[in-house]
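Below is coords-v4.cif, which holds mmCIF, C-alpha atoms.
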data_structure
loop_
_atom_site.label_atom_id
_atom_site.label_comp_id
_atom_site.auth_asym_id
_atom_site.auth_seq_id
_atom_site.Cartn_x
_atom_site.Cartn_y
_atom_site.Cartn_z
CA MET A 312 175.21 105.03 -5.52
CA SER A 313 175.74 101.93 -7.69
CA ASP A 314 173.49 98.92 -7.21
CA TRP A 315 176.48 96.72 -6.32
CA VAL A 316 177.48 99.14 -3.55
CA VAL A 317 174.00 98.85 -2.03
CA GLY A 318 174.25 95.07 -2.30
CA ALA A 319 177.67 95.06 -0.64
CA TRP A 320 176.44 97.20 2.26
CA LEU A 321 173.37 95.04 2.71
CA MET A 322 175.08 91.64 2.53
CA LEU A 323 178.49 92.34 4.06
CA GLY A 324 177.51 95.18 6.34
CA GLY A 325 174.31 93.50 7.50
CA SER A 326 176.00 90.20 8.31
CA THR A 327 178.85 91.94 10.15
CA LEU A 328 176.38 94.01 12.20
CA LEU A 329 174.38 90.94 13.23
CA LEU A 330 177.56 89.11 14.24
CA PHE A 331 178.73 92.08 16.31
CA ILE A 332 175.48 92.24 18.28
CA GLY A 333 175.82 88.57 19.19
CA ILE A 334 173.50 86.71 16.79
CA PRO A 335 174.72 83.11 16.22
CA VAL A 336 176.76 82.66 13.03
CA ALA A 337 174.42 80.26 11.25
CA LEU A 338 171.31 82.31 12.10
CA THR A 339 173.04 85.52 10.97
CA PHE A 340 173.80 84.25 7.49
CA ILE A 341 170.47 82.47 7.03
CA THR A 342 168.68 85.75 7.87
CA ILE A 343 170.82 87.76 5.44
CA ASN A 344 170.44 85.04 2.79
CA ILE A 345 166.65 85.14 2.97
CA VAL A 346 166.60 88.93 2.57
CA GLY A 347 169.19 88.80 -0.23
CA ALA A 348 167.44 85.97 -2.10
CA TRP A 349 164.14 87.86 -2.01
CA LEU A 350 165.71 91.11 -3.26
CA TYR A 351 168.22 89.84 -5.81
CA MET A 352 166.98 86.43 -6.97
CA GLY A 353 163.36 87.11 -7.77
CA GLY A 354 161.19 86.99 -4.66
CA GLU A 355 159.54 83.59 -4.12
CA ALA A 356 161.56 82.05 -6.95
CA GLY A 357 164.71 83.25 -5.21
CA LEU A 358 163.66 81.67 -1.93
CA ALA A 359 163.02 78.37 -3.73
CA GLN A 360 166.49 78.55 -5.31
CA LEU A 361 167.93 79.39 -1.90
CA ALA A 362 166.43 76.19 -0.47
CA ARG A 363 167.81 74.08 -3.33
CA SER A 364 171.27 75.62 -3.03
CA SER A 365 171.26 75.12 0.73
CA VAL A 366 170.55 71.41 0.41
CA SER A 367 173.13 70.84 -2.32
CA SER A 368 175.82 72.76 -0.38
CA VAL A 369 175.86 70.25 2.50
CA MET A 370 175.62 67.19 0.24
CA ALA A 371 179.09 67.75 -1.25
CA PHE A 372 181.27 64.66 -0.90
CA SER A 373 184.30 66.88 -0.18
CA LEU A 374 182.84 67.68 3.26
CA THR A 375 182.95 64.04 4.42
CA PRO A 376 186.41 64.38 6.09
CA ILE A 377 185.06 66.89 8.62
CA PRO A 378 183.13 64.48 10.89
CA LEU A 379 185.82 61.82 10.45
CA PHE A 380 188.62 64.16 11.52
CA VAL A 381 186.55 65.37 14.48
CA LEU A 382 185.84 61.75 15.47
CA MET A 383 189.58 61.02 15.67
CA GLY A 384 190.10 63.70 18.29
CA GLU A 385 186.94 62.85 20.23
CA VAL A 386 187.93 59.18 20.53
CA LEU A 387 191.43 60.15 21.67
CA PHE A 388 190.13 62.39 24.45
CA HIS A 389 187.21 60.31 25.71
CA THR A 390 189.13 57.02 25.87
CA GLY A 391 191.91 58.49 27.99
CA LEU A 392 194.68 57.75 25.48
CA ALA A 393 195.64 61.43 25.64
CA LEU A 394 196.82 60.95 29.24
CA GLN A 395 199.09 58.10 28.21
CA VAL A 396 200.57 60.20 25.41
CA ILE A 397 201.35 63.03 27.85
CA GLU A 398 203.11 60.62 30.20
CA GLY A 399 205.15 59.15 27.36
CA ILE A 400 206.34 62.60 26.28
CA GLU A 401 207.01 63.76 29.84
CA ARG A 402 209.35 60.84 30.56
CA LEU A 403 211.54 61.68 27.57
CA ILE A 404 211.96 65.39 28.25
CA ARG A 405 214.88 65.95 30.59
CA ARG A 406 215.20 68.70 33.14
CA LEU A 407 214.70 71.56 30.73
CA PRO A 408 213.86 75.01 32.08
CA GLY A 409 210.08 75.18 32.18
CA ARG A 410 209.82 71.43 31.50
CA LEU A 411 206.06 71.10 31.90
CA ALA A 412 205.45 74.07 29.62
CA VAL A 413 207.60 72.32 27.00
CA VAL A 414 205.63 69.11 27.60
CA ALA A 415 202.43 71.06 26.89
CA VAL A 416 203.79 72.25 23.53
CA VAL A 417 205.12 68.83 22.46
CA ALA A 418 202.01 66.96 23.63
CA GLY A 419 199.79 69.56 21.97
CA THR A 420 201.67 69.10 18.71
CA VAL A 421 201.08 65.35 18.90
CA PHE A 422 197.38 65.88 19.59
CA SER A 423 197.20 68.33 16.68
CA ALA A 424 198.42 65.53 14.44
CA ILE A 425 195.43 63.33 15.25
CA SER A 426 192.69 65.74 16.28
CA GLY A 427 190.52 68.06 14.24
CA SER A 428 189.42 70.25 17.15
CA THR A 429 191.43 73.21 18.47
CA ILE A 430 189.07 73.78 21.41
CA ALA A 431 189.29 70.14 22.51
CA THR A 432 193.10 70.25 22.56
CA THR A 433 193.18 73.45 24.62
CA ALA A 434 190.46 72.32 27.03
CA MET A 435 192.10 68.94 27.62
CA LEU A 436 195.64 70.26 28.16
CA GLY A 437 194.27 73.07 30.31
CA SER A 438 192.33 70.64 32.50
CA LEU A 439 195.19 68.15 32.85
CA LEU A 440 198.42 70.16 32.91
CA LEU A 441 197.47 73.64 34.15
CA PRO A 442 196.60 72.62 37.77
CA VAL A 443 199.84 70.60 38.01
CA MET A 444 201.94 73.47 36.70
CA LEU A 445 200.38 76.00 39.05
CA ALA A 446 200.78 73.63 42.02
CA ARG A 447 204.50 73.27 41.24
CA GLY A 448 205.03 77.02 41.25
CA TYR A 449 204.78 78.04 37.60
CA HIS A 450 203.76 81.63 37.01
CA PRO A 451 200.22 81.76 35.51
CA THR A 452 201.49 83.46 32.33
CA LEU A 453 204.05 80.71 31.65
CA ALA A 454 201.52 77.99 32.49
CA THR A 455 198.63 79.22 30.33
CA GLY A 456 200.48 80.68 27.32
CA PRO A 457 201.88 77.46 25.79
CA ILE A 458 198.58 75.61 26.20
CA MET A 459 196.61 78.27 24.34
CA ALA A 460 199.28 78.75 21.69
CA ILE A 461 199.65 75.09 20.82
CA GLY A 462 195.86 74.73 20.65
CA ALA A 463 195.90 77.29 17.84
CA VAL A 464 198.62 75.34 15.98
CA ASP A 465 196.06 72.53 15.76
CA MET A 466 194.53 74.47 12.87
CA LEU A 467 197.73 74.22 10.82
CA ILE A 468 198.75 70.61 11.45
CA PRO A 469 196.50 68.06 9.73
CA PRO A 470 193.97 66.69 10.25
CA SER A 471 192.05 69.94 10.69
CA ALA A 472 188.31 70.34 10.21
CA LEU A 473 188.70 74.09 9.60
CA THR A 474 191.26 73.42 6.86
CA VAL A 475 188.78 71.12 5.11
CA LEU A 476 186.12 73.80 5.51
CA LEU A 477 188.43 76.47 4.06
CA GLY A 478 189.26 74.26 1.08
CA SER A 479 185.61 73.46 0.47
CA LEU A 480 184.44 77.09 0.61
CA SER A 481 187.37 78.54 -1.36
CA GLY A 482 187.85 75.87 -4.02
CA ILE A 483 191.50 75.38 -2.99
CA SER A 484 192.77 71.78 -3.07
CA ILE A 485 191.97 70.28 0.34
CA SER A 486 194.82 67.77 0.03
CA LYS A 487 197.38 70.51 -0.66
CA LEU A 488 196.05 72.71 2.15
CA LEU A 489 196.27 69.85 4.65
CA VAL A 490 199.83 68.95 3.65
CA GLY A 491 200.87 72.60 3.31
CA GLY A 492 200.18 73.28 6.99
CA VAL A 493 202.66 70.66 8.24
CA LEU A 494 205.89 72.66 7.88
CA PRO A 495 204.54 76.02 9.17
CA GLY A 496 202.92 74.21 12.12
CA ALA A 497 206.13 72.36 12.98
CA LEU A 498 208.18 75.58 12.74
CA LEU A 499 205.76 77.37 15.06
CA SER A 500 205.85 74.54 17.62
CA ALA A 501 209.67 74.57 17.59
CA ALA A 502 209.68 78.35 18.05
CA PHE A 503 207.37 78.00 21.07
CA VAL A 504 209.73 75.49 22.72
CA LEU A 505 212.77 77.72 22.14
CA TRP A 506 210.91 80.74 23.53
CA ILE A 507 209.91 78.88 26.71
CA VAL A 508 213.46 77.66 27.39
CA MET A 509 214.96 81.12 26.72
CA ARG A 510 212.30 82.90 28.76
CA VAL A 511 212.83 80.72 31.82
CA ARG A 512 216.62 81.01 31.56
CA ILE A 513 216.29 84.81 31.51
CA THR A 514 213.67 84.92 34.28
CA PRO A 515 214.05 81.77 36.42
CA ALA A 516 211.32 82.90 38.85
CA LEU A 517 208.68 82.00 36.22
CA ALA A 518 209.20 78.27 36.81
CA PRO A 519 210.39 76.09 39.73
CA ALA A 520 214.17 75.76 39.95
CA ALA A 521 214.17 71.98 40.02
CA GLU A 522 211.08 69.91 39.36
CA GLN A 523 210.72 66.54 41.00
CA GLN A 524 210.94 63.89 38.31
CA PRO A 525 211.32 60.14 38.86
CA ALA A 526 214.61 58.81 37.52
CA TYR A 527 213.36 56.52 34.79
CA ARG A 528 216.04 54.36 33.20
CA GLY A 529 216.34 52.28 30.06
CA TRP A 530 213.17 50.55 28.85
CA GLU A 531 211.11 52.03 31.71
CA LYS A 532 211.83 55.48 30.31
CA TRP A 533 211.04 54.60 26.69
CA LYS A 534 208.16 52.16 27.22
CA PRO A 535 205.28 54.77 27.15
CA PHE A 536 206.78 56.34 24.03
CA PHE A 537 206.77 53.09 22.08
CA ALA A 538 203.52 51.90 23.62
CA TYR A 539 201.43 55.07 23.14
CA VAL A 540 203.17 58.03 21.48
CA LEU A 541 204.63 56.21 18.47
CA PRO A 542 201.44 54.29 17.58
CA THR A 543 199.47 57.53 17.88
CA LEU A 544 201.89 59.41 15.62
CA SER A 545 201.80 56.54 13.13
CA ILE A 546 198.17 57.46 12.42
CA PHE A 547 199.32 60.95 11.44
CA GLY A 548 202.05 59.42 9.28
CA VAL A 549 199.58 57.23 7.44
CA VAL A 550 197.07 60.05 6.84
CA VAL A 551 199.58 62.66 5.68
CA GLY A 552 201.74 60.13 3.83
CA ALA A 553 198.78 58.85 1.82
CA LEU A 554 197.76 62.44 1.02
CA ALA A 555 201.25 63.54 0.01
CA ALA A 556 201.84 60.47 -2.13
CA GLY A 557 198.48 60.86 -3.85
CA TRP A 558 197.44 57.34 -2.89
CA ALA A 559 194.17 58.44 -1.32
CA THR A 560 191.74 61.35 -1.36
CA PRO A 561 191.19 63.48 1.77
CA THR A 562 187.96 61.56 2.42
CA GLU A 563 189.69 58.19 2.16
CA CYS A 564 192.53 59.38 4.39
CA ALA A 565 190.04 60.67 6.97
CA ALA A 566 188.20 57.35 6.97
CA LEU A 567 191.51 55.49 7.32
CA GLY A 568 192.57 57.74 10.20
CA ALA A 569 189.25 57.39 12.04
CA PHE A 570 189.31 53.62 11.63
CA ALA A 571 192.93 53.42 12.84
CA THR A 572 192.11 55.57 15.88
CA LEU A 573 189.20 53.28 16.82
CA VAL A 574 191.35 50.18 16.33
CA LEU A 575 194.12 51.68 18.47
CA ALA A 576 191.69 52.54 21.26
CA ALA A 577 190.20 49.04 21.09
CA ALA A 578 193.67 47.46 21.19
CA TYR A 579 194.34 49.26 24.47
CA ARG A 580 190.91 48.15 25.77
CA ALA A 581 190.00 51.81 26.22
CA LEU A 582 187.11 51.86 23.75
CA THR A 583 184.24 51.27 26.12
CA PHE A 584 180.64 51.74 25.06
CA LYS A 585 180.39 54.84 27.28
CA ALA A 586 183.53 56.41 25.79
CA LEU A 587 182.41 55.62 22.23
CA LEU A 588 178.98 57.12 22.87
CA LYS A 589 180.54 60.35 24.21
CA ALA A 590 182.87 60.52 21.21
CA LEU A 591 179.99 60.00 18.75
CA LYS A 592 177.83 62.62 20.49
CA GLY A 593 180.68 65.14 20.44
CA THR A 594 181.33 64.42 16.77
CA ALA A 595 177.65 64.86 15.89
CA ASN A 596 177.43 68.17 17.76
CA ILE A 597 180.56 69.70 16.22
CA SER A 598 179.94 68.34 12.71
CA GLY A 599 176.31 69.42 12.70
CA MET A 600 177.30 72.95 13.67
CA ILE A 601 179.96 73.11 10.93
CA LEU A 602 177.64 71.75 8.22
CA PHE A 603 174.87 74.14 9.22
CA ILE A 604 177.33 77.02 8.87
CA ILE A 605 178.45 75.75 5.44
CA LEU A 606 174.81 75.84 4.36
CA GLY A 607 174.67 79.56 5.11
CA ALA A 608 178.12 80.34 3.71
CA THR A 609 177.62 78.79 0.28
CA THR A 610 174.33 80.52 -0.43
CA PHE A 611 175.71 83.79 0.96
CA ALA A 612 178.45 83.75 -1.70
CA GLN A 613 175.90 83.01 -4.44
CA ILE A 614 173.64 85.90 -3.46
CA LEU A 615 176.61 88.25 -3.15
CA SER A 616 177.48 87.35 -6.73
CA PHE A 617 173.87 87.84 -7.93
CA SER A 618 173.77 91.32 -6.37
CA GLY A 619 176.86 92.36 -8.34
CA ALA A 620 178.75 93.15 -5.12
CA SER A 621 181.41 90.46 -5.64
CA ASN A 622 182.37 91.63 -9.11
CA GLY A 623 182.13 95.32 -8.16
CA LEU A 624 184.42 94.94 -5.15
CA VAL A 625 186.93 92.88 -7.13
CA GLN A 626 187.08 95.50 -9.89
CA LEU A 627 187.41 98.27 -7.31
CA ILE A 628 190.35 96.61 -5.57
CA THR A 629 192.22 95.41 -8.65
CA GLY A 630 191.72 98.75 -10.42
CA GLN A 631 193.68 100.75 -7.84
CA GLY A 632 197.05 99.96 -9.43
CA TRP A 633 198.38 98.28 -6.29
CA SER A 634 200.96 95.53 -6.57
CA THR A 635 199.93 91.93 -5.94
CA GLY A 636 202.00 91.89 -2.76
CA MET A 637 200.24 94.99 -1.42
CA ILE A 638 196.82 93.49 -2.13
CA VAL A 639 197.70 90.21 -0.41
CA ALA A 640 199.15 92.07 2.58
CA GLY A 641 195.97 94.15 2.78
CA MET A 642 193.82 91.02 2.78
CA MET A 643 195.91 89.48 5.57
CA GLY A 644 195.61 92.70 7.58
CA MET A 645 191.83 92.63 7.17
CA LEU A 646 191.72 89.03 8.38
CA ILE A 647 193.78 89.82 11.48
CA PHE A 648 191.52 92.80 12.24
CA LEU A 649 188.39 90.66 11.84
CA GLY A 650 189.93 88.02 14.11
CA ILE A 651 189.75 90.46 17.02
CA PHE A 652 185.95 90.55 16.80
CA VAL A 653 184.53 87.48 15.03
CA ASP A 654 185.15 83.74 14.97
CA GLN A 655 187.07 81.85 12.30
CA VAL A 656 184.10 80.52 10.39
CA SER A 657 182.59 84.01 10.18
CA MET A 658 185.92 85.30 8.85
CA MET A 659 185.75 82.76 6.03
CA MET A 660 182.13 83.48 5.22
CA ILE A 661 182.59 87.25 5.09
CA THR A 662 185.84 87.39 3.14
CA LEU A 663 186.14 84.37 0.82
CA PRO A 664 183.43 85.51 -1.65
CA ILE A 665 185.53 88.67 -2.19
CA PHE A 666 189.06 87.35 -1.75
CA MET A 667 188.96 84.26 -3.97
CA PRO A 668 187.95 86.09 -7.19
CA ILE A 669 190.86 88.49 -6.55
CA VAL A 670 193.23 85.54 -5.99
CA GLN A 671 192.10 83.99 -9.27
CA GLN A 672 192.22 87.23 -11.26
CA LEU A 673 195.74 88.12 -10.08
CA GLY A 674 197.09 84.59 -10.54
CA ILE A 675 198.06 84.23 -6.87
CA ASP A 676 199.10 80.71 -5.77
CA PRO A 677 195.92 79.52 -4.00
CA VAL A 678 197.77 77.14 -1.66
CA TRP A 679 200.17 79.88 -0.54
CA PHE A 680 197.21 82.19 0.02
CA GLY A 681 195.27 79.46 1.84
CA ILE A 682 198.08 78.72 4.30
CA MET A 683 198.41 82.42 5.14
CA PHE A 684 194.64 82.53 5.56
CA LEU A 685 194.92 79.65 8.08
CA ILE A 686 197.70 81.47 9.98
CA CYS A 687 195.51 84.56 10.22
CA MET A 688 192.62 82.47 11.52
CA GLN A 689 194.98 80.85 14.02
CA LEU A 690 195.93 84.36 15.16
CA GLY A 691 192.24 85.14 15.61
CA LEU A 692 191.98 82.33 18.15
CA LEU A 693 194.59 84.06 20.31
CA LEU A 694 193.81 87.76 19.90
CA PRO A 695 192.28 89.58 22.90
CA PRO A 696 189.62 90.30 23.88
CA HIS A 697 187.40 87.66 22.24
CA GLY A 698 189.85 84.97 21.07
CA LEU A 699 188.09 81.63 21.33
CA LEU A 700 191.04 79.89 23.01
CA LEU A 701 191.34 82.71 25.55
CA MET A 702 187.73 82.07 26.53
CA THR A 703 188.35 78.31 26.62
CA MET A 704 191.31 78.80 28.94
CA ARG A 705 189.28 81.07 31.19
CA GLY A 706 186.68 78.30 31.41
CA VAL A 707 189.11 75.57 32.55
CA ALA A 708 191.55 77.69 34.61
CA PRO A 709 191.21 78.03 38.42
CA PRO A 710 190.09 81.38 39.88
CA ALA A 711 193.69 82.33 40.69
CA VAL A 712 194.34 82.76 36.96
CA THR A 713 192.88 86.10 35.87
CA MET A 714 192.01 87.36 32.40
CA GLY A 715 194.94 89.74 32.80
CA HIS A 716 197.26 86.74 33.16
CA ILE A 717 195.72 85.11 30.10
CA PHE A 718 196.00 88.24 27.93
CA GLN A 719 199.61 88.78 29.03
CA ALA A 720 200.51 85.13 28.48
CA VAL A 721 199.42 85.06 24.86
CA VAL A 722 201.35 88.14 23.65
CA PRO A 723 204.68 86.44 22.75
CA TYR A 724 202.89 83.62 20.93
CA VAL A 725 200.86 86.09 18.90
CA ALA A 726 204.13 87.83 17.99
CA MET A 727 205.68 84.54 16.86
CA SER A 728 202.61 83.74 14.77
CA ILE A 729 202.86 87.15 13.06
CA LEU A 730 206.54 86.45 12.34
CA LEU A 731 205.56 83.11 10.79
CA LEU A 732 202.97 84.88 8.63
CA ALA A 733 205.65 87.32 7.45
CA ALA A 734 208.04 84.43 6.74
CA VAL A 735 205.46 82.62 4.61
CA PHE A 736 204.66 85.88 2.81
CA TRP A 737 208.31 86.47 1.85
CA LEU A 738 209.24 82.77 1.46
CA PRO A 739 206.24 81.05 -0.13
CA ALA A 740 208.15 77.73 -0.30
CA ILE A 741 207.47 77.27 3.44
CA ALA A 742 203.83 76.72 2.49
CA THR A 743 204.15 75.31 -1.03
CA TRP A 744 207.14 72.94 -0.92
CA LEU A 745 205.36 69.93 0.56
CA PRO A 746 202.13 70.41 -1.46
CA GLY A 747 204.32 70.59 -4.56
CA TRP A 748 204.93 66.85 -4.21
CA ILE A 749 201.23 66.15 -4.69
CA GLY A 750 200.29 65.63 -8.32
#

Here is the file; what I need is its structure written in the form of structure tokens.
Amino acid sequence: MSDWVVGAWLMLGGSTLLLFIGIPVALTFITINIVGAWLYMGGEAGLAQLARSSVSSVMAFSLTPIPLFVLMGEVLFHTGLALQVIEGIERLIRRLPGRLAVVAVVAGTVFSAISGSTIATTAMLGSLLLPVMLARGYHPTLATGPIMAIGAVDMLIPPSALTVLLGSLSGISISKLLVGGVLPGALLSAAFVLWIVMRVRITPALAPAAEQQPAYRGWEKWKPFFAYVLPTLSIFGVVVGALAAGWATPTECAALGAFATLVLAAAYRALTFKALLKALKGTANISGMILFIILGATTFAQILSFSGASNGLVQLITGQGWSTGMIVAGMMGMLIFLGIFVDQVSMMMITLPIFMPIVQQLGIDPVWFGIMFLICMQLGLLLPPHGLLLMTMRGVAPPAVTMGHIFQAVVPYVAMSILLLAAVFWLPAIATWLPGWIG
């Protein structure tokens, strides 16, 4: 057996095994890294190099947007501005079939545009809207499905901490990845709304026949939209506009967005010391976890390269005579399979050291590949039995909502996400058109 095969089994197989038995992600990769550095980088000298590489990996300036994007979402949730945004959207949506389910999708899309946390979006919408929907007679599958699905779209619509992480670990332009997710995310949100309306028209028993809604008129109807929704969306416009125009780097855009979010909260007198402290604590917790994982991921890729496993696997795959399309489809299939069992960060850490050299060698458009990678990770959030958003929903849902309801609810949204992945695969312009405007 070749040395690189042994290295591949040790590094990839060992890390996958530890993840499957429930060891935390960061601890898994640090353990494997220590063993790999000792074996393949020269014993004590390898451990010293491992320490140096670990420190330098989390000092990269390109990682600065992560805590800033997370802070935007934390401030929005802890100051209560999210409630005002929901009300503003609800007043504008007329008596559509399944109106509150549509409100969940539209409000979730707005939150995705100013929040870097998928879990926070799902938890907040689940806590606020799910009890109301169930009390009004919505079937649990119609009530829970849109909330989970739109939480996953958060990964595609900037700002997204996981998108920044993917760009940092893969070497793909972070600016182009952030902008490239806008159109696929918008298409997916629109598809969710159409599905809800069609589903309720076909099976009216899923939602109440006529929901009680105050008859708002004129300015009273539009006031929350102009007072809360539009200013909130303007932050998204500034961040993405500056990125697309090339006026600012991702870090500068993240700083601008975080500052604008704080100013907006202060303008509404919602930025109390208590709310700010909660937002800062949440940001520190999430950002610290992400940076600790980056530490393990970067050194993992280096050791995999030292062992010869990266080059050996790349040569094995590219030497089979498969077409580029077949190889890309195979990589997407592997990501979807992994999404059933492991979290999104683990998916990146396991696959990127192998996938990116193949992408470079075959001349695949890295932005196109990166957007499909994000869609596969978004699918992983929704796939039973261990999808992170399924677990989040179970945590905020009342006892009347069973895991069976949650699994059933997510099926059509998983199907729509797979259709989007296929559309991007066959029509790369869906992912690359907007990034093409960036110099």

task: Name the closest residue to Leu673 (chain A) among the candidates A:Val639, A:Ala555, A:Ala734, A:Ala460; distances are taken between atoms, counting all atoms listed in the file.
output: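 Of the candidates, the smallest distance to Leu673 (chain A) is held by A:Val639.
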
message: Assuming the chain letters and numbering stay as they are in my file, what does the PyMOL selection byres ((chain A and resi 569) around 7) actually select? List them as a list in words.
response: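 The output of the PyMOL selection byres ((chain A and resi 569) around 7) on this file is Leu379, Phe380, Leu382, Met383, Ala565, Ala566, Leu567, Gly568, Phe570, Ala571, Thr572 and Leu573 of chain A.
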
Restricting the output to C-alpha atoms, write the selected residues as a PDB file, keeping the file's coordinate frame.
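What ended up in result09.pdb:
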ATOM      1  CA  LEU A 379     185.820  61.820  10.450  1.00  0.00           C
ATOM      2  CA  PHE A 380     188.620  64.160  11.520  1.00  0.00           C
ATOM      3  CA  LEU A 382     185.840  61.750  15.470  1.00  0.00           C
ATOM      4  CA  MET A 383     189.580  61.020  15.670  1.00  0.00           C
ATOM      5  CA  ALA A 565     190.040  60.670   6.970  1.00  0.00           C
ATOM      6  CA  ALA A 566     188.200  57.350   6.970  1.00  0.00           C
ATOM      7  CA  LEU A 567     191.510  55.490   7.320  1.00  0.00           C
ATOM      8  CA  GLY A 568     192.570  57.740  10.200  1.00  0.00           C
ATOM      9  CA  PHE A 570     189.310  53.620  11.630  1.00  0.00           C
ATOM     10  CA  ALA A 571     192.930  53.420  12.840  1.00  0.00           C
ATOM     11  CA  THR A 572     192.110  55.570  15.880  1.00  0.00           C
ATOM     12  CA  LEU A 573     189.200  53.280  16.820  1.00  0.00           C
TER      13      LEU A 573
END

task: Please evaluate the PyMOL selection byres ((chain A and resi 712) around 10) against the structure above and give the resulting residues as a list in words.
output: Leu445, His450, Pro451, Thr452, Ala454, Thr455, Met704, Arg705, Val707, Ala708, Pro709, Pro710, Ala711, Thr713, Met714, Gly715, His716 and Ile717 of chain A

field: Neighbours of point (196.3, 72.9, 26.2) within 8 Å, using all atoms listed in the file, written as a ChimeraX atom specification
entry: /A:415-416,419,432-438,440,455,457-462

task: Spell out the residues picked by the PyMOL selection byres ((chain A and resi 692) around 12) here, as a PyMOL selection string.
output: chain A and resi 429-430+433+459-466+646-647+649-656+658+685-691+693-704+721+724-725+728

Next, the residues of the selection above should be written as a CSV table (one decimal), in the frame of the given file with C-alpha atoms.
chain,number,residue,atom,x,y,z
A,429,THR,CA,191.4,73.2,18.5
A,430,ILE,CA,189.1,73.8,21.4
A,433,THR,CA,193.2,73.4,24.6
A,459,MET,CA,196.6,78.3,24.3
A,460,ALA,CA,199.3,78.8,21.7
A,461,ILE,CA,199.6,75.1,20.8
A,462,GLY,CA,195.9,74.7,20.6
A,463,ALA,CA,195.9,77.3,17.8
A,464,VAL,CA,198.6,75.3,16.0
A,465,ASP,CA,196.1,72.5,15.8
A,466,MET,CA,194.5,74.5,12.9
A,646,LEU,CA,191.7,89.0,8.4
A,647,ILE,CA,193.8,89.8,11.5
A,649,LEU,CA,188.4,90.7,11.8
A,650,GLY,CA,189.9,88.0,14.1
A,651,ILE,CA,189.8,90.5,17.0
A,652,PHE,CA,186.0,90.6,16.8
A,653,VAL,CA,184.5,87.5,15.0
A,654,ASP,CA,185.2,83.7,15.0
A,655,GLN,CA,187.1,81.8,12.3
A,656,VAL,CA,184.1,80.5,10.4
A,658,MET,CA,185.9,85.3,8.8
A,685,LEU,CA,194.9,79.6,8.1
A,686,ILE,CA,197.7,81.5,10.0
A,687,CYS,CA,195.5,84.6,10.2
A,688,MET,CA,192.6,82.5,11.5
A,689,GLN,CA,195.0,80.8,14.0
A,690,LEU,CA,195.9,84.4,15.2
A,691,GLY,CA,192.2,85.1,15.6
A,693,LEU,CA,194.6,84.1,20.3
A,694,LEU,CA,193.8,87.8,19.9
A,695,PRO,CA,192.3,89.6,22.9
A,696,PRO,CA,189.6,90.3,23.9
A,697,HIS,CA,187.4,87.7,22.2
A,698,GLY,CA,189.8,85.0,21.1
A,699,LEU,CA,188.1,81.6,21.3
A,700,LEU,CA,191.0,79.9,23.0
A,701,LEU,CA,191.3,82.7,25.6
A,702,MET,CA,187.7,82.1,26.5
A,703,THR,CA,188.4,78.3,26.6
A,704,MET,CA,191.3,78.8,28.9
A,721,VAL,CA,199.4,85.1,24.9
A,724,TYR,CA,202.9,83.6,20.9
A,725,VAL,CA,200.9,86.1,18.9
A,728,SER,CA,202.6,83.7,14.8

d(CA of Arg512 (chain A), CA of Glu398 (chain A)) in Å: 24.5 Å

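CA of Leu453 (chain A) is positioned 21.9 Å from CA of Ala393 (chain A).
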
- request: Report the distance between CA of Leu588 (chain A) and CA of Pro470 (chain A) in Å, rounded to one decimal place.
  value: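 CA of Leu588 (chain A) sits 21.8 Å away from CA of Pro470 (chain A).
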
message: I want to know what sits within 9 Å of Met727 (chain A), based on only C-alpha atoms, with residues of the same chain fewer than 5 positions away left out; could you give that as a list in words?
response: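 These residues fall inside the cut-off: Leu499, Ala502, Phe503, Val722 and Leu732 of chain A.
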
Please produce a file of those selected residues containing C-alpha atoms, as a compact mmCIF listing (two decimals), in the coordinates of the input.
# COMPACT_ATOMS: atom_id res chain seq x y z
CA LEU A 499 205.76 77.37 15.06
CA ALA A 502 209.68 78.35 18.05
CA PHE A 503 207.37 78.00 21.07
CA VAL A 722 201.35 88.14 23.65
CA LEU A 732 202.97 84.88 8.63

message: When you count only C-alpha atoms, which of these residues is closest to Met683 (chain A): A:Leu606, A:Leu467, A:Leu473, A:Ser545?
response: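 Closest residue, counting only C-alpha atoms: A:Leu467.
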
message: Can you pull out the residues contacting Trp533 (chain A)? Cut-off 8 Å, using all atoms listed in the file, and skip same-chain residues under 4 positions away; I want them as a list of chain:residue names.
response: A:Gly399, A:Arg402, A:Leu403, A:Gly529, A:Phe537

task: List the residues sitting within 9 Å of (200.2, 70.7, 4.5) in the file's frame, using only C-alpha atoms, as a PyMOL selection string.
output: chain A and resi 467-469+486-496+551+555+682+742-743+745-746

task: Do a neighbour search on Val443 (chain A) at 9 Å with all atoms listed in the file, toss out local chain neighbours closer than 5 positions, and write the hits as JSON, numbers by chain.
output: {"A": [411, 448, 449]}

- prompt: Of the residues A:Val413, A:Leu554, A:Lys534, A:Thr543, which is the one nearest to Val508 (chain A), using all atoms listed in the file?
  reply: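 For Val508 (chain A), the nearest of the candidates is A:Val413.
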
For region 589-603 of chain A: contacts at 6 Å, only C-alpha atoms, fewer than 6 positions along chain excluded, given as an MDAnalysis selection string: chainID A and resid 378 381:382 385:386

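Each of A:Ala726, A:Ile485, A:Ile343, A:Val574 was compared to Thr560 (chain A) using only C-alpha atoms, and A:Ile485 turns out to be the nearest.
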
- request: Choose the residue, out of A:Phe547, A:Arg580, A:Phe340, A:Glu531, that has the smallest atom-to-atom separation from Leu392 (chain A); count all atoms listed in the file.
  value: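 For Leu392 (chain A), the nearest of the given residues is A:Arg580.
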
query: For Phe684 (chain A), which of A:Gln671, A:Ser479, A:Thr635, A:Thr474 is the closest residue, counting only C-alpha atoms?
result: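 Closest to Phe684 (chain A) of all the choices is A:Thr474.
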